[in-house]
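Q: Below you will find the structure I want to go over with you.
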Amino acid sequence: MQLAYQKLPAQLRRSSKLRKLTAILIAAYAIKKLSPYVWRGLQRGAAGTQGGGAKTPAGVISCVGEDEKKRKATRSPSVNRDFFLRLSHLLKLLFPRLLCPEFGLLALHSVTLMSRTFLSIYVASLDGVIVRCIVQKDPQAFMLQLLKWLLVAVPATFINSAIRFLEGQLTLRFRSRLVNHAYQLYFTNQTYYRISNMDGRLSNPDQSLTEDIVMFSASIAHLYSNLTKPILDVVVTCYTLLRTAQAKGANTTWPSAIAGLVVVITAKVLRSCSPHFGKLVAEEAKRKGDLRHMHSRIIANSEEIAFYAGHKVELSQLQRSYSALSSHIHQILLKRLWYIMLEQFLMKYVWSASGLIMVAVPIITATGYSKYDSEEVKQAAMVMKEEELVSERTQAFTTARNLLNAAADAVERIMSSYKEVTELAGYTSRVWQMFDVFEDVSRGVYRRSADREERSAPREEVQVRHGQRICGPLEIRGQVISVEKGIRCENLPIITPTGDVVVSSLNIQVEDGMNVLITGPNGCGKSSLFRILSGLWPVYGGALYRPEPQNMFYIPQRPYMSEGTLRDQVIYPDSLEDMVQKGLTDPDLEEILRVVHLLYILDREGGWEAVSDWKDVLSGGEKQRMGMARMFYHRPRYALLDECTSAVSIDVEGKIFQAAKDAGIALLSITHRPSLWSEHTEAAGSVRTTCRPAGSEQRSPVLPLTHRKYHSHLLQFDGEGGWKFEPLDASARLSMQEEKQRLENQLSGIPKMQHRLSELRVLLGEAEQEGEEAAAAGRPLC
C-alpha cells in the first residue's frame with residue numbers, strides 16, 4: 001500500500017493530503033460544536049437517574065420544571081414565541097389606532113426608503129453609462145452624464161438626511177407613547193410607592209422608565225430602517241439584474257444558484273456561531289441600573305455616610321458594582337470581536353469572490369440579444385464591432401457590479417440585523433416586564449421575589465400569629481369600608497410587605513373627637529398601622545372602617561419639601577388654582593404660618609414667590625412645622641402624626657396641638673415626647689380593651705409628668721403582638737408610675753447585695769458549714 005502511494009504523482013499526493021487535512025479540520029469543528037449538547041444531555045440523564053428514586057410526597061405539588069422554564073424565559077430573552085407576543089403587545093401601545101401620527105411618520109419613512117432604493121439603481125446604471133463614455137473616449141457624452149450624476153446627488157443627499165431625520169422622529173414618538181403610558185400606570189393607585197416597597201420584581205424602576213424605554217424605542221425604529229430598505233433593495237436589485245441579463249441573452253441559472261447557496265451557508269454559520277446578544281444586553285442594562293442605584297443611594301444618604309466616615313465601604317461597593325459592569329461589557333466586546341471577524345470574512349471576502357463569479361458568468365455567456373428580440377436586432381448584435389462590444393461589456397460589468405454590491409450590502413444588513421433583533425429581544429423583555437409589573441401592582445397583585453414565580457393556586461386561610469413570617473403570596477382577604485365618621489378595626493392584622501406578622505388581630509374603635517396617643521417599642525407596628533390607615537398597605541384580613549383618604553392627612557417625621565415656591569410648600573400637594581378654588585388667599589396662609597410660628601420665613605426668604613432648595617434652606621424644626629402648616633391648610637378630619645414634632649420646642653409644640661384641637665382635627669399621634677403624655681379634660685369612658693399573646697408580660701409605659709392636655713385615649717403596643725386601648729388617665733397612671741419606679745429602684749440593688757453576701761459567706765467559711773448542715777438534714781442546697 002505504501003509503495004502504491006509512492007508511485008502516485010506528486011500533485012495527487014498533495015491533493016490527498018489536503019483532503020485529509022480538510023476532513024480533520026471539519027471533524028474537529030464538528031466535535032467542538034456538538035460537545036456542549038452531548039455534555040448537556042449526559043448531565044440531564046445523570047440528574048434524571050439521581051432523582052428517579054425520589055418520589056414527591058402526597059399533597060405536595062412539584063413545580064420545579066415550570067419554575068425553571070419561567071426563570072429561563074425571564075432571564076434569557078431570545079427570539080422566540082414569547083418575544084413576538086411581547087413585541088405585539090408593545091406595538092399596540094406604539095400604534096393605538098390606524099390614523100395616528102406614528103402611522104403617518106412610518107408611511108413617510110417608507111416612501112423615503114423606497115425612493116432611496118430606486119435612486120441607487122439609477123445611479124448604478126448611470127455609473128455604467130459614464131464608464132462606457134470613458135471607454136469610447138467621448139468627452140461630450142461624458143460631461144453630459146457627469147452633469148446628470150451631480151444633479152441626482154442633490155435629491156439623493158436630501159433623502160439620506162430625511163431617512164435619519166424620520167428615524168429620529170419615529171424614535172421620539174415611540175418614546176413619548178411608552179413614557180406617557182408608563183407614567184399613567186406609575187402614578188395610578190400609588191404604584192410609585194408600592195413598586196419599591198410592596199413588590200420585589202423591579203429593582204430599579206428609574207432605569208426601566210428612562211434608559212430601557214429609550215433603548216427599546218431607538219432599537220425598534222432603527223431595525224425598521226435596517227430591514228425594510230435592505231429587503232426592498234434585494235428584491236428590486238435582483239429583478240433588475242435578471243431582466244438586464246435576460247435582455248442580453250446571458251445565462252442566469254448558475255449566478256442565481258451561487259447567490260442562494262452562499263447566502264444560505266452564511267446564514268447557517270452565523271446563526272450557529274452567534275452569541276446570545278439578547279441575554280447579554282438585558283444583563284448589561286440590569287448592571288447599569290445597579291450602578292446608577294448605587295450612585296443615587298450615596299447622593300441621598302451623603303450626610304449620614306459623612307457622619308459615619310463610611311466612604312471606604314461605599315467606595316468598595318461602588319467599585320464592586322462597576323467591576324461587575326465592566327467585566328460584563330468586556331465579555332460582550334470579546335464575543336463581538338470573533339463574531340464580527342467571522343461576519344466580515346463571510347460577507348466581504350467570500351461574498352465579493354462569489355459576486356465576481358456571478359458577474360463574470362453572464363458577461364462571458366452573453367450573446368448580446370434576447371430570444372424575444374427581432375431578427376434585425378440579432379443581426380445588429382452579431383455584426384457589432386469589437387470596440388462597441390468592449391464598451392457594452394464594460395458598461396454591463398460596471399452596472400452589474402454596482403447593483404451586486406448594493407444587493408450584497410442589503411443582504412449583509414439583513415443578516416446583521418439578527419444581532420439587532422436579539423438585542424431588541426432583551427430590551428423588549430425589560431420594557432414588557434416593567435409594564436406587566438406596573439399593571440399587577442396597580443391591581444393589588446404583589447410578588448416579593450423576581451427569581452421565584454409564586455403559585456396562583458388558592459390556599460386555605462392560615463391563622464396568623466405574631467412573629468410568624470408568611471411565605472408565598474400574600475392574599476388580600478380584608479375589607480376596607482368607607483364611613484363618614486370614626487375609625488374602626490375589626491380583627492385587623494398588621495403584616496409587613498415582607499410577610500412578617502407584627503400584630504395578629506387589632507380591634508379598636510376611634511370615635512369622632514377622640515385624640516389617640518400611640519406608643520410602643522420600635523418595630524411594634526405603630527407606623528405600620530398608619531400605612532394601613534392611609535391605604536399604602538393592603539388589608540390582608542378582617543375589616544377596616546375609615547373615612548375617605550382625603551379626610552386623613554399623614555405627617556411624617558421628615559416632611560417632604562417639593563420643588564417650587566414658598567407658597568407651594570404650604571399648600572402641597574395642591575396647586576395655586578386648587579387654593580383659589582378653595583377660597584383661600586395669601587393672608588390666610590400667613591395666619592397659618594403664624595399658628596406654627598413660621599411667619600418670619602416670609603421676610604427672610606423674600607415672600608410667597610421665593611424659590612429655593614427648601615430641603616436644604618429650612619432647618620429640621622422648620623420643616624416639621626411646615627408639615628403642620630400643611631395640616632392646617634387642608635383641615636382634615638383626622639391627622640396621623642408620626643413623630644412629626646421631635647425637632648420642635650415643647651412650648652411651640654403645645655400651642656400647635658392646642659390649635660389643632662380647637663380647629664376640630666382629631667389627632668392620632670406617635671411620639672415619645674413628655675409634653676404629649678398629659679392629663680385629659682374630656683369625659684372619657686371606662687372601656688378598656690386589651691389583647692396580648694399568651695405568656696407575654698404586660699408592660700406599663702413610662703408616663704412623665706406634664707400639665708398639658710391633648711390626647712384622650714392611649715393605644716399601646718408591647719412589641720410582642722399584644723396591644724392595649726384605653727382612656728388616657730394621667731393622674732392614676734402617675735401614682736402607679738411613681739410606685740413602680742420606687743419598687744424598681746429598691747429591687748435594682750438586690751442582686752448586688754446577694755452577690756456580696758455570698759462572697760462574705762465564702763470568706764468567713766460559713767458556706768461550707770451551711771452545706772454540711774443541709775446535707776445532714778437531707779434538704780437541697782440553694
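In the C-alpha cells, the first chain shown is A, the next is B, and so on; residue numbers restart at 1 for each chain, and ligands run from 1 in the order shown.
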Run DSSP on the backbone and tell me which residues of stretch 592-641 of chain A come out as strand (DSSP E); list them as a list in words.

A: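 The strand (DSSP E) residues within stretch 592-641 of chain A come out as Tyr638, Ala639, Leu640 and Leu641 of chain A.
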
Q: Taking 3 positions as the minimum chain separation for residues in the same chain, which residues sit within 7 Å of A:Arg635 when counting only C-alpha atoms? Answer as a ChimeraX atom specification.

A: /A:631-632,665

Q: Neighbours of stretch 418-435 of chain A within 7 Å (only C-alpha atoms; same-chain residues fewer than 5 positions away dropped), as a ChimeraX atom specification?

A: /A:77-79,83,86-87,182,208,212-213,215-216,219-220,277-279,281-282

Q: Could the residues in this selection be written to a file with C-alpha atoms, as a short mmCIF file (atom, residue, chain, number, x, y, z; two decimals), in the first residue's frame?

A:
data_model
loop_
_atom_site.label_atom_id
_atom_site.label_comp_id
_atom_site.auth_asym_id
_atom_site.auth_seq_id
_atom_site.Cartn_x
_atom_site.Cartn_y
_atom_site.Cartn_z
CA PRO A 77 -34.59 36.77 26.41
CA SER A 78 -34.31 35.37 22.90
CA VAL A 79 -36.13 35.42 19.57
CA PHE A 83 -40.64 37.71 22.18
CA ARG A 86 -44.44 40.82 23.95
CA LEU A 87 -43.45 42.83 20.88
CA ALA A 182 -45.68 54.21 31.81
CA SER A 208 -36.70 50.92 33.30
CA ASP A 212 -34.75 50.91 28.84
CA ILE A 213 -37.56 52.80 27.11
CA MET A 215 -33.06 51.91 24.02
CA PHE A 216 -36.17 49.98 23.02
CA SER A 219 -33.77 49.87 18.55
CA ILE A 220 -37.18 49.22 17.01
CA PHE A 277 -26.91 39.04 22.44
CA GLY A 278 -30.41 39.39 23.90
CA LYS A 279 -29.39 37.90 27.22
CA VAL A 281 -27.87 43.19 26.53
CA ALA A 282 -30.53 42.58 29.19
#

Q: Out of A:Val411, A:Val501, A:Ile134, A:Leu325, which residue has the shortest atom-to-atom distance to A:Gly719 when counting only C-alpha atoms?

A: A:Val501

Q: Stretch 501-540 of chain A: which residues are helix (DSSP H, G or I) by DSSP, as a ChimeraX atom specification?

A: /A:526-533

Q: Write out, as a PDB file, in the first residue's frame, the residues just selected, with C-alpha atoms.

A:
ATOM      1  CA  LYS A 526     -47.095  51.994  65.111  1.00  0.00           C
ATOM      2  CA  SER A 527     -46.055  53.377  61.709  1.00  0.00           C
ATOM      3  CA  SER A 528     -47.356  50.214  60.021  1.00  0.00           C
ATOM      4  CA  LEU A 529     -50.823  50.984  61.361  1.00  0.00           C
ATOM      5  CA  PHE A 530     -50.617  54.472  59.835  1.00  0.00           C
ATOM      6  CA  ARG A 531     -49.632  52.987  56.468  1.00  0.00           C
ATOM      7  CA  ILE A 532     -52.670  50.712  56.556  1.00  0.00           C
ATOM      8  CA  LEU A 533     -54.994  53.562  57.571  1.00  0.00           C
TER       9      LEU A 533
END

Q: Point out the residue among A:Asp718, A:Asp512, A:Glu102, A:Asp138 with the least atom-to-atom distance to A:Glu167, counting only C-alpha atoms.

A: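 Using only C-alpha atoms, the shortest distance to A:Glu167 belongs to A:Glu102.
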